[in-house]
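Here is protein-v2.txt, consisting of compact mmCIF, C-alpha atoms:
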# COMPACT_ATOMS: atom_id res chain seq x y z
CA MET A 1 -17.34 -16.94 -36.75
CA SER A 2 -16.25 -13.36 -37.06
CA GLY A 3 -19.80 -12.22 -36.28
CA ILE A 4 -19.67 -14.07 -32.98
CA GLY A 5 -16.31 -12.47 -32.21
CA VAL A 6 -17.58 -8.99 -33.06
CA VAL A 7 -20.67 -9.39 -30.88
CA ALA A 8 -18.69 -10.83 -27.96
CA GLY A 9 -16.01 -8.14 -28.23
CA ALA A 10 -18.53 -5.33 -28.53
CA ALA A 11 -20.52 -6.55 -25.54
CA GLY A 12 -17.38 -7.05 -23.46
CA GLY A 13 -15.97 -3.67 -24.45
CA TYR A 14 -19.21 -1.88 -23.69
CA ALA A 15 -19.50 -3.59 -20.30
CA LEU A 16 -15.87 -2.82 -19.46
CA ALA A 17 -16.34 0.81 -20.47
CA ARG A 18 -19.36 1.04 -18.16
CA VAL A 19 -17.42 -0.44 -15.23
CA VAL A 20 -14.36 1.76 -15.76
CA GLY A 21 -16.59 4.79 -16.34
CA SER A 22 -18.24 4.26 -12.98
CA TYR A 23 -14.87 4.49 -11.20
CA ILE A 24 -13.56 7.54 -13.06
CA GLN A 25 -15.35 10.81 -12.45
CA ASN A 26 -16.19 13.38 -15.14
CA VAL A 27 -15.84 10.90 -17.99
CA GLN A 28 -18.61 10.58 -20.52
CA LEU A 29 -18.98 7.33 -22.38
CA PRO A 30 -19.43 7.67 -26.14
CA SER A 31 -22.73 6.83 -27.71
CA VAL A 32 -23.49 3.47 -29.26
CA TRP A 33 -22.76 4.70 -32.80
CA PRO A 34 -18.96 4.27 -32.67
CA LEU A 35 -19.53 0.73 -31.41
CA ILE A 36 -21.91 -0.02 -34.28
CA GLY A 37 -19.56 1.59 -36.80
CA SER A 38 -16.53 -0.38 -35.69
CA ALA A 39 -18.54 -3.62 -35.69
CA ALA A 40 -19.69 -2.90 -39.25
CA VAL A 41 -16.12 -2.23 -40.40
CA LEU A 42 -14.92 -5.49 -38.84
CA ILE A 43 -17.73 -7.51 -40.44
CA VAL A 44 -17.01 -6.00 -43.87
CA ALA A 45 -13.29 -6.73 -43.45
CA ALA A 46 -14.04 -10.35 -42.52
CA ILE A 47 -16.32 -10.77 -45.54
CA LEU A 48 -13.76 -9.25 -47.91
CA GLY A 49 -11.02 -11.41 -46.40
CA ALA A 50 -13.07 -14.55 -46.96
CA LEU A 51 -14.11 -13.80 -50.55
CA LEU A 52 -10.80 -14.67 -52.24
CA PRO A 53 -10.34 -18.09 -50.60
CA ALA A 54 -14.02 -18.90 -51.17
CA ALA A 55 -13.83 -17.96 -54.83
CA ARG A 56 -10.68 -20.02 -55.23
CA ALA A 57 -12.30 -23.02 -53.55
CA ALA A 58 -15.40 -22.71 -55.72
CA ARG A 59 -13.29 -23.13 -58.88
CA VAL A 60 -11.72 -26.41 -57.74
CA ASP A 61 -13.12 -29.56 -59.35
CA VAL A 62 -14.44 -31.76 -56.55
CA VAL A 63 -13.43 -35.03 -58.20
CA GLN A 64 -9.86 -33.88 -58.76
CA ALA A 65 -9.60 -32.63 -55.19
CA LEU A 66 -10.80 -35.97 -53.83
CA ARG A 67 -8.38 -37.89 -56.04
CA ALA A 68 -5.48 -35.75 -54.83
CA GLU A 69 -6.30 -36.63 -51.23
Starting from the file, give its structure as structure tokens.
Amino acid sequence: MSGIGVVAGAAGGYALARVVGSYIQNVQLPSVWPLIGSAAVLIVAAILGALLPAARAARVDVVQALRAE
């Protein structure tokens, strides 16, 4: 899910930067590398944020969890 959000946000941000850059004179848009770097940082943060709950859920006994429901 976070991958979809990163791709949509990066595409929208890049498109918006192009549109705004066309209206403002003497402004250079940055290269693609900051966009790729920020997307990589966000993906790593999402993975690290999901590891703890996933590890906790993997330790739960399925039968006990179903009985508790």
### Task
Tell me which of A:Ala17, A:Val60, A:Met1, A:Glu69 sits closest to A:Val32, counting only C-alpha atoms.
A:Ala17
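Computed from the coordinates, the atom CA of A:Val27 to atom CA of A:Ala15 distance equals 15.1 Å.
Taking atom CA of A:Val19 and atom CA of A:Gly5 as the two end points, the separation is 20.8 Å.
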### Query
Counting all atoms listed in the file, which of A:Leu48, A:Gly21, A:Arg67, A:Ala39 gets nearest to A:Ile4?
A:Ala39
What are the centre and the three edge lengths of an axis-aligned box that wraps all atoms of stretch 42-45 of chain A in the file, given that 6 Å is added to every side, written as lines of an AutoDock Vina configuration file and rounded to one decimal in Å?
center_x = -15.5
center_y = -6.5
center_z = -41.4
size_x = 16.4
size_y = 14.0
size_z = 17.0
### Query
Which residue, A:Leu29, A:Ile24, A:Leu42, A:Ala58, has the smallest gap to A:Val6 when you use only C-alpha atoms?
A:Leu42
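Computed from the coordinates, the atom CA of A:Ile43 to atom CA of A:Leu16 distance equals 21.6 Å.
You can rank A:Ala55, A:Ala10, A:Ala50, A:Ala65 by their closest distance to A:Pro34 using only C-alpha atoms, and at the top of that list sits A:Ala10.
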Could I see stretch 14-31 of chain A restored to N, CA and C atoms, set down as a compact mmCIF listing (two decimals), in the coordinates of the input?
# COMPACT_ATOMS: atom_id res chain seq x y z
N TYR A 14 -18.20 -2.79 -24.22
CA TYR A 14 -19.21 -1.88 -23.69
C TYR A 14 -19.36 -2.06 -22.17
N ALA A 15 -19.38 -3.32 -21.73
CA ALA A 15 -19.50 -3.59 -20.30
C ALA A 15 -18.27 -3.08 -19.55
N LEU A 16 -17.10 -3.30 -20.10
CA LEU A 16 -15.87 -2.82 -19.46
C LEU A 16 -15.84 -1.29 -19.41
N ALA A 17 -16.30 -0.65 -20.46
CA ALA A 17 -16.34 0.81 -20.47
C ALA A 17 -17.30 1.33 -19.40
N ARG A 18 -18.41 0.64 -19.20
CA ARG A 18 -19.36 1.04 -18.16
C ARG A 18 -18.73 0.90 -16.77
N VAL A 19 -18.04 -0.20 -16.55
CA VAL A 19 -17.42 -0.44 -15.23
C VAL A 19 -16.32 0.59 -14.97
N VAL A 20 -15.44 0.80 -15.94
CA VAL A 20 -14.36 1.76 -15.76
C VAL A 20 -14.93 3.17 -15.63
N GLY A 21 -15.96 3.48 -16.41
CA GLY A 21 -16.59 4.79 -16.34
C GLY A 21 -17.22 5.08 -14.99
N SER A 22 -17.64 4.04 -14.30
CA SER A 22 -18.24 4.26 -12.98
C SER A 22 -17.18 4.59 -11.92
N TYR A 23 -15.94 4.20 -12.15
CA TYR A 23 -14.87 4.49 -11.20
C TYR A 23 -14.17 5.82 -11.47
N ILE A 24 -14.23 6.29 -12.70
CA ILE A 24 -13.56 7.54 -13.06
C ILE A 24 -14.61 8.64 -13.16
N GLN A 25 -14.38 9.73 -12.47
CA GLN A 25 -15.35 10.81 -12.45
C GLN A 25 -15.13 11.74 -13.65
N ASN A 26 -16.21 12.40 -14.06
CA ASN A 26 -16.19 13.38 -15.14
C ASN A 26 -15.78 12.78 -16.48
N VAL A 27 -16.11 11.55 -16.72
CA VAL A 27 -15.84 10.90 -17.99
C VAL A 27 -17.17 10.51 -18.61
N GLN A 28 -17.39 10.95 -19.82
CA GLN A 28 -18.61 10.58 -20.52
C GLN A 28 -18.31 9.45 -21.49
N LEU A 29 -19.13 8.43 -21.44
CA LEU A 29 -18.98 7.33 -22.38
C LEU A 29 -19.53 7.75 -23.73
N PRO A 30 -18.91 7.32 -24.82
CA PRO A 30 -19.43 7.67 -26.14
C PRO A 30 -20.77 6.98 -26.38
N SER A 31 -21.44 7.45 -27.37
CA SER A 31 -22.73 6.83 -27.71
C SER A 31 -22.50 5.45 -28.32
